[in-house]
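See below for the structure under consideration.
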There are 2 protein chains.
Amino acid sequence: MMSNTQAAPTVFVVDDDPSILQGVARLLRASGYEAFTFESPIPLLEKEQSPAPDCIVMDVSMPELNGLQVQSAMTKAGRNASIVFMTGQSDVPTSVRAMKAGAVDFLTKPFDEETLLAAVRTAIERGRAIRTSQAARASTQAKLAALTKREREVMRGVVAGRLNKRIAVELGIAEKTVKVHRQRVMEKMQVETLADLVRSAYESDLTSA
Amino acid sequence: MMSNTQAAPTVFVVDDDPSILQGVARLLRASGYEAFTFESPIPLLEKEQSPAPDCIVMDVSMPELNGLQVQSAMTKAGRNASIVFMTGQSDVPTSVRAMKAGAVDFLTKPFDEETLLAAVRTAIERGRAIRTSQAARASTQAKLAALTKREREVMRGVVAGRLNKRIAVELGIAEKTVKVHRQRVMEKMQVETLADLVRSAYESDLTSA
DNA sequence: TTAAAAATGGGACCAAGGTCCAATTACGGG
DNA sequence: CCCGTAATTGGACCTTGGTCCCATTTTTAA
């Protein structure tokens with residue numbers, strides 16, 4: 001599970017200036033990345049592309065939509081990409097806003113190639129890590145949603161470490177019934193051991209919910 | 001446990017310009033914070049003050065040591081404070097570096113009062129959250145350190161959800177012995193249930209270590 | 001070298017969780 | 001009114017973990 005041929009990381013390059021766009025793309029390809037170029041950010045916001053990039057390298061100031069707007073739009077859409085901004089003449093407030101919104105880096109032109117590559121490397125690492133844990137959480141959430149109300153109540157008790165007996169009292173049902181629910185919870189959550197169930201619950205939000 | 005009289009949050013204000021220093025401090029006090037003023041960052045770096053602040057509001061450019069240096073020094077010393085930077089004439093690279101290093105905000109003068117207060121509020125929230133989880137982790141780590149090597153090995157197996165029987169085989173010892181170690185682990189980790197033990201292990205690094 | 005700590009194990013026994021059989025009740029749609 | 005799903009419960013039985021009392025060997029630190 002989760003093993004593939006470790007394909008080259010995908011990077012989207014977005015800049016309204018064709019020369020920079022191509023230049024950056026060329027550099028990235030030479031460094032072993034799969035680079036896609038966009039002269040406008042609009043296509044990025046339309047629908048879900050199947051291949052979400054591992055990183056986006058984007059100019060801040062673009063005619064139709066500036067980089068920050070693209071960033072916030074993607075965030076709002078739940079598509080959280082690792083973004084490295086590039087900018088010609090920039091101001092501090094803009095860079096701060098970008099960083100607060102989760103940008104990986106904010107490079108002021110001119111910057112040397114190694115600086116860009118380092119930022120991209122960081123972005124890819126972060127992006128992959130986030131996407132991985134996010135996928136795990138989504139998976140757990142989906143399983144959790146498949147539980148019936150009663151099963152969720154029982155699971156809460158189990159994860160809290162309470163004995164079947166006590167859970168039964170708290171829910172006003174027989175201990176036997178708790179056992180049945182408990183077993184079904186294990187099945188539906190696709191875990192073999194209690195330890196795994198606790199981990200699952202922990203990486204979602206059952207504890208607080 | 002963990003209930004106190006929710007004292008006023010403590011804020012350290014650091015600026016070599018006395019007028020700004022006092023002005024900011026006055027504003028913070030008027031907003032209900034406990035503000036301490038520092039004309040030099042040096043005292044902040046000496047030894048561990050008992051009362052770590054909930055937030056530090058600091059100028060970037062100061063004669064002896066600039067704000068970023070103070071930030072990195074504190075980080076290196078393990079004293080991770082929530083820092084809000086202020087700056088007169090600033091450049092983008094500096095702000096980006098500060099944000100990447102974990103600053104909560106980076107305000108360019110002049111800024112209005114509400115902006116500063118909002119940043120401080122955010123910083124305090126973040127600082128408290130971080131310090132809380134950090135304290136929990138440290139506590140768990142300490143307990144973990146009190147385990148013997150064998151106990152740690154057994155704990156690893158238990159947390160991984162393996163049966164005593166199997167743990168015994170893997171360690172080449174009798175199941176009875178595993179039980180003994182397991183019991184001692186529960187005592188030393190100060191948990192009552194397996195669920196709690198798994199949580200403890202999870203919030204430290206036993207899983208990977 | 002000697003005392004303390006750690007690791008090892010045996011036997012007995014109980015309680016809790018897991019499993020396999022089966023069945024009844026309640027509810028919302030067709 | 002019938003059907004499927006969810007919720008409920010019983011009984012028998014086994015496995016596993018937890019607990020008590022006990023003892024030996026090895027390691028470690030004073």
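Numbering starts fresh at 1 for the residues of each chain in the structure tokens, the chains themselves are lettered A, B, ... in the order given, and ligands are numbered from 1 as they appear.
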Considering only C-alpha atoms (C1' of nucleotides), extract the chain D residues located within 8 Å of chain A and return them as a list in words.
DA6, DT8 and DT9 of chain D
When you look at segment 17-19 of chain D with a cut-off of 9 Å (counting only C-alpha atoms (C1' of nucleotides)), what residues show up, excluding the ones that are within fewer than 2 positions of it in the same chain? I need them as an MDAnalysis selection string.
(chainID B and resid 164 179 183) or (chainID C and resid 13:16)
Segment 10-179 of chain B: which residues are helix (DSSP H, G or I) by DSSP, as a PyMOL selection string?
chain B and resi 18-30+42-45+67-76+92-100+113-145+149-159+164-171+175-179
Could you check how far atom CA of Asp17 of chain A sits from atom CA of Ala98 of chain B, in Å to one decimal?
29.0 Å
What's around Asp105 of chain B at 7 Å? Count only C-alpha atoms (C1' of nucleotides), leave out sequence neighbours fewer than 3 positions away in its own chain, and write the answer as a count of residues only.
3
Using only C-alpha atoms (C1' of nucleotides) and a distance of at most 9 Å, pull out the residues of chain C that contact chain B, as a ChimeraX atom specification.
/C:6-10
For C-alpha atoms (C1' of nucleotides), I'd like the residues from the last selection saved as a tab-separated table (two decimals), in the first residue's frame.
chain	number	residue	atom	x	y	z
C	6	DA	C1'	16.75	-4.99	36.67
C	7	DA	C1'	15.42	-9.01	34.42
C	8	DT	C1'	13.75	-13.42	34.53
C	9	DG	C1'	10.28	-16.92	35.50
C	10	DG	C1'	6.38	-20.28	37.92
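Of the residues in segment 56-158 of chain B, those that DSSP places in strand (DSSP E or B) on the basis of the backbone are Ile56, Val57, Met58, Asp59, Ile83, Val84, Phe85, Met86, Thr87, Asp105, Phe106, Leu107 and Thr108 of chain B.
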Residues as selected, C-alpha atoms, written as an mmCIF file, in the first residue's frame, can you do that?
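Wrote result-v4.cif, looks like this:
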data_model
loop_
_atom_site.group_PDB
_atom_site.id
_atom_site.type_symbol
_atom_site.label_atom_id
_atom_site.label_comp_id
_atom_site.auth_asym_id
_atom_site.auth_seq_id
_atom_site.Cartn_x
_atom_site.Cartn_y
_atom_site.Cartn_z
ATOM 1 C CA ILE B 56 7.247 39.205 22.778
ATOM 2 C CA VAL B 57 6.766 42.413 20.831
ATOM 3 C CA MET B 58 10.152 43.386 19.472
ATOM 4 C CA ASP B 59 11.753 45.890 17.173
ATOM 5 C CA ILE B 83 7.251 36.965 18.582
ATOM 6 C CA VAL B 84 5.603 39.947 16.924
ATOM 7 C CA PHE B 85 8.130 42.088 15.096
ATOM 8 C CA MET B 86 7.911 45.807 14.553
ATOM 9 C CA THR B 87 10.049 47.648 12.074
ATOM 10 C CA ASP B 105 3.584 38.762 12.616
ATOM 11 C CA PHE B 106 5.816 41.428 11.179
ATOM 12 C CA LEU B 107 4.397 44.927 11.438
ATOM 13 C CA THR B 108 5.699 47.897 9.516
#
Interface list for chain B, partner chain A, 12 Å threshold, only C-alpha atoms, as JSON, numbers by chain
{"B": [84, 85, 86, 87, 88, 89, 90, 91, 92, 93, 94, 95, 96, 97, 98, 99, 100, 101, 102, 103, 104, 105, 106, 107, 108, 109, 110, 111, 119, 122, 155, 156, 157, 158, 159, 160, 161, 162, 163, 191, 192, 193, 194, 195, 196, 197, 198, 199, 200, 201, 202, 203, 207]}
Got time to write the residues from that selection, C-alpha atoms, as a CSV table (one decimal), in the first residue's frame?
chain,number,residue,atom,x,y,z
B,84,VAL,CA,5.6,39.9,16.9
B,85,PHE,CA,8.1,42.1,15.1
B,86,MET,CA,7.9,45.8,14.6
B,87,THR,CA,10.0,47.6,12.1
B,88,GLY,CA,10.6,51.1,10.7
B,89,GLN,CA,12.3,50.7,7.3
B,90,SER,CA,12.4,47.1,6.5
B,91,ASP,CA,13.0,44.9,3.5
B,92,VAL,CA,11.2,41.9,2.3
B,93,PRO,CA,14.0,39.3,2.8
B,94,THR,CA,14.2,40.2,6.4
B,95,SER,CA,10.4,39.9,7.0
B,96,VAL,CA,10.4,36.6,5.1
B,97,ARG,CA,13.2,35.2,7.2
B,98,ALA,CA,11.5,36.3,10.4
B,99,MET,CA,8.2,34.6,9.3
B,100,LYS,CA,10.0,31.5,8.2
B,101,ALA,CA,11.7,31.3,11.6
B,102,GLY,CA,8.3,31.3,13.2
B,103,ALA,CA,7.4,34.9,13.9
B,104,VAL,CA,3.7,35.4,14.4
B,105,ASP,CA,3.6,38.8,12.6
B,106,PHE,CA,5.8,41.4,11.2
B,107,LEU,CA,4.4,44.9,11.4
B,108,THR,CA,5.7,47.9,9.5
B,109,LYS,CA,5.5,51.2,11.3
B,110,PRO,CA,3.3,53.1,11.4
B,111,PHE,CA,0.7,50.6,12.3
B,119,ALA,CA,-1.2,40.3,16.4
B,122,THR,CA,-2.8,35.7,18.0
B,155,MET,CA,6.2,-0.8,25.6
B,156,ARG,CA,7.0,-0.5,21.9
B,157,GLY,CA,5.4,-3.8,21.3
B,158,VAL,CA,2.4,-3.1,23.4
B,159,VAL,CA,1.8,0.3,21.7
B,160,ALA,CA,2.1,-1.4,18.4
B,161,GLY,CA,-0.8,-3.6,19.4
B,162,ARG,CA,1.0,-6.9,19.6
B,163,LEU,CA,0.0,-9.6,22.0
B,191,VAL,CA,-1.5,5.6,32.9
B,192,GLU,CA,-4.4,3.4,33.8
B,193,THR,CA,-5.4,2.1,30.5
B,194,LEU,CA,-3.9,0.9,27.3
B,195,ALA,CA,-5.6,3.7,25.4
B,196,ASP,CA,-3.8,6.3,27.6
B,197,LEU,CA,-0.5,4.5,27.0
B,198,VAL,CA,-1.0,4.7,23.3
B,199,ARG,CA,-1.8,8.4,23.5
B,200,SER,CA,1.3,9.0,25.5
B,201,ALA,CA,3.5,7.2,23.1
B,202,TYR,CA,1.9,9.0,20.3
B,203,GLU,CA,2.5,12.4,21.6
B,207,THR,CA,6.5,5.2,17.4
Skipping near chain neighbours, those fewer than 2 positions away, what residues fall within 9 Å of DA5 of chain C using only C-alpha atoms (C1' of nucleotides), listed as a PyMOL selection string?
chain D and resi 27-29
Could you write those residues out with N, CA and C atoms (P, O5', C5', C4', C3', O3' and C1' of nucleotides), as a compact mmCIF listing (two decimals), in the first residue's frame?
# COMPACT_ATOMS: atom_id res chain seq x y z
P DT D 27 24.73 -10.33 32.65
O5' DT D 27 24.53 -8.81 33.06
C5' DT D 27 23.24 -8.40 33.34
C4' DT D 27 23.15 -7.00 33.88
C3' DT D 27 24.36 -6.10 33.75
O3' DT D 27 23.88 -4.88 33.24
C1' DT D 27 23.65 -6.20 36.04
P DT D 28 24.96 -3.73 32.81
O5' DT D 28 24.82 -2.74 34.07
C5' DT D 28 23.53 -2.53 34.62
C4' DT D 28 23.63 -1.71 35.89
C3' DT D 28 24.81 -0.72 35.92
O3' DT D 28 24.31 0.51 36.40
C1' DT D 28 24.85 -2.06 37.86
P DA D 29 25.17 1.85 36.10
O5' DA D 29 25.20 2.50 37.55
C5' DA D 29 24.06 2.35 38.39
C4' DA D 29 24.49 2.34 39.84
C3' DA D 29 25.57 3.37 40.19
O3' DA D 29 25.21 4.03 41.38
C1' DA D 29 26.24 1.25 40.91
Would you list the contacts of Phe36 of chain A as a list in words, taking every protein, DNA or RNA residue within 10 Å and counting only C-alpha atoms (C1' of nucleotides), but skipping same-chain residues closer than 5 positions in sequence?
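Returned residues: Thr10, Val11, Phe12, Val13, Val14, Leu21, Gln22, Ala25, Leu28, Arg29, Pro53 and Ile56 of chain A.
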Using only C-alpha atoms (C1' of nucleotides), determine which residues lie at most 12 Å from Ala77 of chain A, disregarding the query and same-chain residues fewer than 3 positions distant; provide the list as a list in words.
Leu44, Leu45, Glu46, Lys47, Glu48, Val70, Gln71, Ser72, Ala73, Met74, Asn80 and Ala81 of chain A
Go ahead and write the selection's residues with N, CA and C atoms as a compact mmCIF listing (two decimals), in the first residue's frame.
# COMPACT_ATOMS: atom_id res chain seq x y z
N LEU A 44 -5.69 27.20 -13.01
CA LEU A 44 -5.42 26.51 -11.75
C LEU A 44 -6.64 26.44 -10.86
N LEU A 45 -7.50 27.44 -11.02
CA LEU A 45 -8.65 27.50 -10.11
C LEU A 45 -9.87 26.77 -10.63
N GLU A 46 -9.82 26.43 -11.91
CA GLU A 46 -10.99 25.75 -12.47
C GLU A 46 -10.94 24.25 -12.17
N LYS A 47 -12.00 23.79 -11.54
CA LYS A 47 -12.13 22.36 -11.26
C LYS A 47 -10.88 21.80 -10.58
N GLU A 48 -10.96 20.54 -10.31
CA GLU A 48 -9.83 19.85 -9.71
C GLU A 48 -9.04 19.15 -10.80
N VAL A 70 -4.88 34.07 -5.61
CA VAL A 70 -4.86 32.67 -6.03
C VAL A 70 -4.65 31.77 -4.82
N GLN A 71 -3.72 32.19 -3.99
CA GLN A 71 -3.43 31.40 -2.80
C GLN A 71 -4.66 31.25 -1.91
N SER A 72 -5.33 32.36 -1.65
CA SER A 72 -6.48 32.28 -0.75
C SER A 72 -7.63 31.52 -1.39
N ALA A 73 -7.75 31.65 -2.72
CA ALA A 73 -8.82 30.91 -3.40
C ALA A 73 -8.59 29.41 -3.28
N MET A 74 -7.33 29.02 -3.45
CA MET A 74 -7.03 27.59 -3.36
C MET A 74 -7.23 27.09 -1.93
N ASN A 80 -4.86 22.80 -0.76
CA ASN A 80 -3.74 23.48 -0.13
C ASN A 80 -2.41 23.07 -0.75
N ALA A 81 -1.92 23.92 -1.60
CA ALA A 81 -0.66 23.62 -2.27
C ALA A 81 0.48 24.31 -1.54
Between atom CA of Pro9 of chain A and atom CA of Arg126 of chain A - distance in Å to one decimal
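We find that atom CA of Arg126 of chain A and atom CA of Pro9 of chain A lie 12.3 Å from each other.
A straight line drawn from atom CA of Glu153 of chain B to atom CA of Val185 of chain B is 10.2 Å long.
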